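Shown next: run_33.csv, containing CSV, C-alpha atoms.
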chain,number,residue,atom,x,y,z
L,685,MET,CA,0.0,0.0,0.0
L,686,SER,CA,1.9,3.0,-1.3
L,687,HIS,CA,-0.1,5.5,0.8
L,688,HIS,CA,1.4,4.0,4.0
L,689,ILE,CA,5.0,4.5,2.9
L,690,VAL,CA,7.4,6.9,4.6
L,691,GLU,CA,10.7,7.4,2.7
L,692,PHE,CA,13.6,9.7,3.4
L,693,ARG,CA,16.2,10.0,0.6
L,694,ASP,CA,19.5,11.7,1.7
L,695,VAL,CA,17.7,14.3,3.8
L,696,CYS,CA,19.7,17.2,5.2
L,697,PHE,CA,18.4,20.1,7.3
L,698,SER,CA,20.0,23.0,9.2
L,699,TYR,CA,18.1,25.5,11.3
L,700,PRO,CA,18.3,29.3,10.4
L,701,ASP,CA,21.2,29.8,12.7
L,702,ASN,CA,23.1,27.2,10.6
L,703,THR,CA,22.9,24.5,13.4
L,704,PRO,CA,22.9,21.2,11.5
L,705,ALA,CA,20.1,18.8,12.6
L,706,LEU,CA,19.9,16.1,9.9
L,707,ASP,CA,22.8,14.9,7.8
L,708,GLY,CA,22.1,12.6,4.9
L,709,ILE,CA,19.2,10.6,6.5
L,710,SER,CA,17.8,7.8,4.3
L,711,PHE,CA,15.3,5.1,5.3
L,712,ARG,CA,12.0,3.5,4.2
L,713,ILE,CA,9.1,2.5,6.4
L,714,THR,CA,6.3,0.4,4.9
L,715,HIS,CA,2.7,-0.5,5.7
L,716,GLY,CA,2.0,-1.7,9.2
L,717,GLU,CA,5.5,-1.3,10.6
L,718,SER,CA,6.1,-0.1,14.2
L,719,VAL,CA,9.3,1.8,14.3
L,720,GLY,CA,11.1,3.4,17.3
L,721,ILE,CA,13.5,6.3,16.9
L,722,VAL,CA,16.0,6.7,19.7
L,723,GLY,CA,19.0,8.8,20.4
L,724,ALA,CA,20.6,11.2,22.9
L,725,ASN,CA,19.3,14.8,23.4
L,726,GLY,CA,19.9,16.8,20.3
L,727,ALA,CA,20.4,13.8,18.0
L,728,GLY,CA,17.7,15.0,15.6
L,729,LYS,CA,14.7,12.9,16.6
L,730,SER,CA,12.1,15.6,16.8
L,731,THR,CA,13.4,17.4,13.7
L,732,LEU,CA,13.1,14.1,11.9
L,733,LEU,CA,9.4,13.7,12.9
L,734,MET,CA,8.6,17.3,11.9
L,735,HIS,CA,9.9,16.5,8.4
L,736,MET,CA,7.3,13.7,8.1
L,737,ASN,CA,4.4,16.1,8.5
L,738,GLY,CA,5.7,19.0,6.5
L,739,TYR,CA,6.3,21.3,9.5
L,740,LEU,CA,9.9,21.4,8.3
L,741,LEU,CA,11.1,20.9,4.8
L,742,PRO,CA,14.5,19.5,3.8
L,743,SER,CA,17.4,21.8,3.0
L,744,LYS,CA,18.5,18.9,0.7
L,745,GLY,CA,17.1,15.5,-0.2
L,746,THR,CA,13.6,14.2,-0.6
L,747,VAL,CA,10.8,13.1,1.8
L,748,VAL,CA,8.0,10.9,0.3
L,749,ILE,CA,4.8,10.2,2.2
L,750,GLY,CA,2.6,7.6,0.5
L,751,ASP,CA,2.7,8.6,-3.2
L,752,LEU,CA,3.4,12.3,-2.5
L,753,GLU,CA,6.8,14.0,-2.5
L,754,LEU,CA,6.7,16.5,0.3
L,755,ASN,CA,6.9,20.2,-0.6
L,756,LYS,CA,5.1,23.4,0.1
L,757,LYS,CA,2.3,22.5,-2.4
L,758,THR,CA,1.7,19.0,-1.1
L,759,SER,CA,2.2,19.5,2.7
L,760,ARG,CA,-1.5,20.0,3.3
L,761,ASP,CA,-2.4,16.7,1.6
L,762,VAL,CA,0.5,14.9,3.4
L,763,ARG,CA,-0.9,15.9,6.8
L,764,LYS,CA,-4.1,14.0,5.9
L,765,LYS,CA,-1.9,10.9,5.5
L,766,ILE,CA,0.3,11.2,8.6
L,767,GLY,CA,-0.8,12.4,12.0
L,768,LEU,CA,1.8,13.9,14.3
L,769,ILE,CA,1.4,13.9,18.0
L,770,PHE,CA,3.5,16.4,19.8
L,771,GLN,CA,5.6,15.8,22.9
L,772,ASN,CA,3.5,18.3,24.9
L,773,PRO,CA,-0.2,17.7,24.5
L,774,ASP,CA,-0.9,21.3,25.5
L,775,ASP,CA,0.6,22.2,22.1
L,776,GLN,CA,-2.3,20.3,20.5
L,777,LEU,CA,-5.2,21.0,22.8
L,778,PHE,CA,-6.5,24.6,22.5
L,779,MET,CA,-10.3,24.5,22.2
L,780,PRO,CA,-12.9,25.0,24.9
L,781,THR,CA,-13.8,21.3,25.3
L,782,VAL,CA,-12.4,17.9,24.5
L,783,PHE,CA,-15.1,17.4,21.9
L,784,ASP,CA,-14.1,20.6,20.1
L,785,ASP,CA,-10.4,19.7,20.1
L,786,VAL,CA,-11.1,16.2,18.6
L,787,ALA,CA,-13.6,17.6,16.1
L,788,PHE,CA,-11.2,20.3,14.9
L,789,GLY,CA,-9.5,18.1,12.3
L,790,PRO,CA,-12.7,16.5,10.9
L,791,ILE,CA,-14.4,19.9,10.6
L,792,ASN,CA,-11.4,21.1,8.5
L,793,LEU,CA,-11.9,18.0,6.3
L,794,GLY,CA,-15.4,19.3,5.5
L,795,LEU,CA,-17.3,16.4,6.9
L,796,SER,CA,-20.9,16.5,7.8
L,797,GLU,CA,-22.0,17.3,11.4
L,798,GLU,CA,-23.2,13.7,11.8
L,799,LYS,CA,-19.9,12.3,10.5
L,800,ILE,CA,-17.9,14.6,12.7
L,801,ARG,CA,-19.8,13.4,15.8
L,802,GLU,CA,-19.2,9.8,14.8
L,803,ARG,CA,-15.5,10.3,14.4
L,804,VAL,CA,-15.1,12.2,17.6
L,805,ASP,CA,-17.0,9.5,19.6
L,806,GLU,CA,-15.1,6.7,18.0
L,807,ALA,CA,-11.7,8.3,18.6
L,808,LEU,CA,-12.5,9.1,22.2
L,809,ARG,CA,-13.8,5.6,22.7
L,810,VAL,CA,-10.6,4.1,21.4
L,811,VAL,CA,-8.4,6.0,23.9
L,812,GLY,CA,-10.9,5.5,26.7
L,813,CYS,CA,-11.9,9.1,27.1
L,814,LEU,CA,-15.5,9.3,25.8
L,815,PRO,CA,-16.8,10.4,29.3
L,816,LEU,CA,-14.5,13.4,29.1
L,817,LYS,CA,-16.1,14.7,25.9
L,818,GLU,CA,-17.5,17.9,27.4
L,819,LYS,CA,-14.7,18.7,29.8
L,820,PRO,CA,-12.3,21.6,29.3
L,821,PRO,CA,-8.8,20.2,28.3
L,822,HIS,CA,-7.1,22.2,31.0
L,823,HIS,CA,-9.0,20.3,33.7
L,824,LEU,CA,-7.5,16.9,32.5
L,825,SER,CA,-4.6,15.0,34.0
L,826,SER,CA,-1.4,14.7,32.0
L,827,GLY,CA,-2.4,11.1,31.0
L,828,GLN,CA,-5.8,12.2,29.9
L,829,LYS,CA,-4.4,15.1,27.9
L,830,SER,CA,-2.0,12.7,26.1
L,831,ALA,CA,-4.9,10.3,25.3
L,832,VAL,CA,-7.1,13.2,24.0
L,833,ALA,CA,-4.2,14.5,21.8
L,834,ILE,CA,-4.0,11.0,20.3
L,835,ALA,CA,-7.7,11.0,19.8
L,836,SER,CA,-7.5,14.3,17.9
L,837,VAL,CA,-5.2,12.7,15.4
L,838,ILE,CA,-7.1,9.4,15.2
L,839,ALA,CA,-10.3,11.3,14.3
L,840,MET,CA,-8.5,12.4,11.1
L,841,GLN,CA,-8.1,8.7,10.2
L,842,PRO,CA,-4.5,9.1,9.0
L,843,ASP,CA,-2.7,6.1,7.5
L,844,ILE,CA,0.4,6.7,9.7
L,845,LEU,CA,0.9,7.9,13.3
L,846,ALA,CA,4.0,9.7,14.3
L,847,MET,CA,4.6,10.4,18.0
L,848,ASP,CA,7.2,12.5,19.8
L,849,GLU,CA,7.8,11.3,23.3
L,850,PRO,CA,4.2,10.2,23.9
L,851,ALA,CA,4.9,8.9,27.4
L,852,SER,CA,6.8,11.9,28.7
L,853,ASN,CA,5.4,13.2,32.1
L,854,LEU,CA,3.0,10.3,32.4
L,855,ASP,CA,2.5,8.5,35.7
L,856,PRO,CA,3.0,4.7,35.6
L,857,LYS,CA,-0.7,3.9,35.3
L,858,SER,CA,-1.2,6.3,32.4
L,859,ARG,CA,2.0,5.1,30.7
L,860,ARG,CA,0.8,1.5,30.8
L,861,GLN,CA,-2.6,2.6,29.4
L,862,LEU,CA,-0.7,4.4,26.6
L,863,ILE,CA,1.4,1.3,25.8
L,864,ASN,CA,-1.6,-0.9,25.7
L,865,LEU,CA,-3.3,1.6,23.4
L,866,LEU,CA,-0.4,1.8,21.0
L,867,LYS,CA,0.0,-2.0,20.9
L,868,GLY,CA,-3.7,-2.2,19.8
L,869,PHE,CA,-3.3,0.3,16.9
L,870,LYS,CA,-3.2,-1.2,13.4
L,871,HIS,CA,-1.7,1.9,11.9
L,872,THR,CA,1.9,2.3,10.8
L,873,LYS,CA,3.5,3.8,14.0
L,874,ILE,CA,6.7,5.8,14.3
L,875,ILE,CA,7.6,6.7,17.9
L,876,ALA,CA,10.5,8.9,18.9
L,877,SER,CA,11.3,8.4,22.6
L,878,HIS,CA,13.9,8.3,25.4
L,879,ASP,CA,11.7,5.6,27.0
L,880,LEU,CA,13.5,2.6,25.6
L,881,ASP,CA,11.3,0.2,27.5
L,882,LEU,CA,8.3,1.6,25.7
L,883,ILE,CA,10.0,1.2,22.3
L,884,LEU,CA,11.1,-2.3,23.2
L,885,GLU,CA,7.5,-3.3,24.0
L,886,VAL,CA,5.7,-1.5,21.2
L,887,CYS,CA,8.0,-1.4,18.2
L,888,GLU,CA,9.4,-4.3,16.1
L,889,ARG,CA,12.0,-2.0,14.4
L,890,CYS,CA,14.3,0.6,15.9
L,891,MET,CA,16.5,3.3,14.4
L,892,VAL,CA,19.3,5.0,16.4
L,893,ILE,CA,20.0,8.6,15.5
L,894,LYS,CA,23.3,10.2,16.4
L,895,GLU,CA,24.3,13.8,15.3
L,896,GLY,CA,21.7,13.8,12.6
L,897,ARG,CA,22.7,10.5,11.1
L,898,ILE,CA,21.4,6.9,11.3
L,899,ALA,CA,23.8,5.0,13.5
L,900,ALA,CA,21.8,1.7,13.5
L,901,ASP,CA,18.6,0.4,12.0
L,902,GLY,CA,17.2,-3.1,12.7
L,903,PHE,CA,15.1,-5.3,14.9
L,904,ALA,CA,14.3,-3.4,18.1
L,905,GLU,CA,15.3,-6.2,20.5
L,906,GLU,CA,18.7,-6.7,18.9
L,907,ILE,CA,19.5,-2.9,19.0
L,908,LEU,CA,18.0,-2.1,22.4
L,909,LEU,CA,19.8,-5.0,24.1
L,910,ASN,CA,23.2,-4.1,22.5
L,911,LYS,CA,24.9,-2.4,25.5
L,912,VAL,CA,28.0,-1.4,23.5
L,913,LEU,CA,26.0,0.1,20.6
L,914,LEU,CA,23.7,2.0,23.0
L,915,GLU,CA,26.6,3.4,25.0
L,916,GLU,CA,28.4,4.5,21.8
L,917,ASN,CA,25.3,6.6,21.1
L,918,GLY,CA,24.7,8.1,24.5
L,919,LEU,CA,22.1,5.6,25.6
L,920,GLU,CA,21.7,3.0,28.3
L,921,LEU,CA,20.0,-0.4,28.3
L,922,PRO,CA,16.2,-0.3,28.9
L,923,LEU,CA,15.5,-0.1,32.6
L,924,SER,CA,13.7,-3.4,32.5
L,925,ARG,CA,16.9,-5.1,31.4
L,926,GLN,CA,19.1,-3.6,34.1
L,927,ASN,CA,19.8,-5.0,37.5
L,928,ILE,CA,19.2,-2.4,40.2
L,929,ILE,CA,20.9,-3.0,43.5
L,930,TYR,CA,20.0,-0.6,46.3
L,931,THR,CA,22.5,0.1,49.0
L,932,ARG,CA,21.7,1.1,52.5
L,933,LYS,CA,22.7,4.7,51.7
L,934,GLY,CA,19.8,4.9,49.2
L,935,GLN,CA,22.1,4.9,46.2
L,936,ASP,CA,21.8,2.4,43.4
L,937,GLU,CA,24.3,0.6,41.2
L,938,ARG,CA,23.1,-0.5,37.8
L,939,VAL,CA,24.7,-3.4,36.0
L,940,GLY,CA,23.6,-4.6,32.6
L,941,LYS,CA,22.3,-8.2,32.4
L,942,THR,CA,24.5,-10.6,30.4

The structure in this file should be written as structure tokens.
Amino acid sequence: MSHHIVEFRDVCFSYPDNTPALDGISFRITHGESVGIVGANGAGKSTLLMHMNGYLLPSKGTVVIGDLELNKKTSRDVRKKIGLIFQNPDDQLFMPTVFDDVAFGPINLGLSEEKIRERVDEALRVVGCLPLKEKPPHHLSSGQKSAVAIASVIAMQPDILAMDEPASNLDPKSRRQLINLLKGFKHTKIIASHDLDLILEVCERCMVIKEGRIAADGFAEEILLNKVLLEENGLELPLSRQNIIYTRKGQDERVGKT
């Protein structure tokens, strides 16, 4: 299905102050893949995601989403194919009620009032937030805001979901709910996160980004359990794969499992 494809071909990007962010990135993601993107702070993960949705355009190279090459003329159509969920849900929730926020996208698609209500109810039902429909977003917990932000994208029925740190600032219960939600999605999923345990549980494939380049790309379990590779790229083993030994002084010593 070509409309589910995400392809980067030798993509480079520098910010206006000439700070380089992407340096010759090339990869291809196909229908139904769950792909994690990991790397140290400043590696280029968020910049990469923003190129998928047309918020940023390459300084050099080509981005293809589905059967469309991304440029200023096609960016609006590209955003119908790929839904981007920001790291901070407050950047996505700006309407008076949860219903209004989730309905915003379908309204801009020109759908009928009946169809809009159907999409809103279904998206909120998927994320377990239908009872919150009439609440103001600023009255929600962090976990609820993240779920509603995801619903606002699902309501657009995109072919591909791209998420930037979806579990940041979530409590353990909300994080688990999010993981279960993501595991149930049938969409193509692309998740950039420092939460390597989440990537390990949700994604089959993983790309490691370092200084704007792809340092590794392969099966998530093979990459995320490679202690040497992770350390070379400013990362540690997922917490679930580390032994934690607590001393009487309240300090801890972490030793990677063999």

Could you pull out every residue with an atom within 9 Å of (-2.6, 9.4, 20.1), file coordinates, counting all atoms listed in the file, and send them as a PDB file with C-alpha atoms, keeping the file's coordinate frame?
ATOM      1  CA  GLY L 767      -0.800  12.400  12.000  1.00  0.00           C
ATOM      2  CA  LEU L 768       1.800  13.900  14.300  1.00  0.00           C
ATOM      3  CA  ILE L 769       1.400  13.900  18.000  1.00  0.00           C
ATOM      4  CA  VAL L 811      -8.400   6.000  23.900  1.00  0.00           C
ATOM      5  CA  SER L 830      -2.000  12.700  26.100  1.00  0.00           C
ATOM      6  CA  ALA L 831      -4.900  10.300  25.300  1.00  0.00           C
ATOM      7  CA  VAL L 832      -7.100  13.200  24.000  1.00  0.00           C
ATOM      8  CA  ALA L 833      -4.200  14.500  21.800  1.00  0.00           C
ATOM      9  CA  ILE L 834      -4.000  11.000  20.300  1.00  0.00           C
ATOM     10  CA  ALA L 835      -7.700  11.000  19.800  1.00  0.00           C
ATOM     11  CA  SER L 836      -7.500  14.300  17.900  1.00  0.00           C
ATOM     12  CA  VAL L 837      -5.200  12.700  15.400  1.00  0.00           C
ATOM     13  CA  ILE L 838      -7.100   9.400  15.200  1.00  0.00           C
ATOM     14  CA  LEU L 845       0.900   7.900  13.300  1.00  0.00           C
ATOM     15  CA  ALA L 846       4.000   9.700  14.300  1.00  0.00           C
ATOM     16  CA  MET L 847       4.600  10.400  18.000  1.00  0.00           C
ATOM     17  CA  PRO L 850       4.200  10.200  23.900  1.00  0.00           C
ATOM     18  CA  LEU L 862      -0.700   4.400  26.600  1.00  0.00           C
ATOM     19  CA  LEU L 865      -3.300   1.600  23.400  1.00  0.00           C
ATOM     20  CA  LEU L 866      -0.400   1.800  21.000  1.00  0.00           C
TER      21      LEU L 866
END

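Straight-line separation from atom CA of L:Glu717 to atom CA of L:Thr872: 5.1 Å.
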
Once you count all atoms listed in the file, which residues end up no further than 6 Å from (-12.3, 10.1, 15.8) in the file's frame, shown as a list in words?
Arg803, Val804, Glu806, Ala807, Ile838 and Ala839 of chain L

Which one of L:Val690, L:Ile800, L:Ala787, L:Cys890 sits closest to L:Asp751 if you count only C-alpha atoms?
L:Val690

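A straight line drawn from atom CA of L:Leu808 to atom CA of L:Phe788 is 13.4 Å long.
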
Using only C-alpha atoms, the best pick from L:Gly745, L:Gly812, L:Gly789, L:Gly794 as closest to L:Asp707 would be L:Gly745

re atom CA of L:Arg889 and atom CA of L:Ser718: distance 6.2 Å

Which is closer to L:Phe692 than all the others in L:Pro742, L:Pro704, L:Pro780, L:Gly716, using all atoms listed in the file?
L:Pro742

I'd like the neighbourhood of L:Asp843 as a ChimeraX atom specification, where a residue qualifies if any of its atoms comes within 12 Å (using all atoms listed in the file), though same-chain residues fewer than 5 positions away should be ignored.
/L:685-690,714-717,749-750,762-768,837-838,869-874
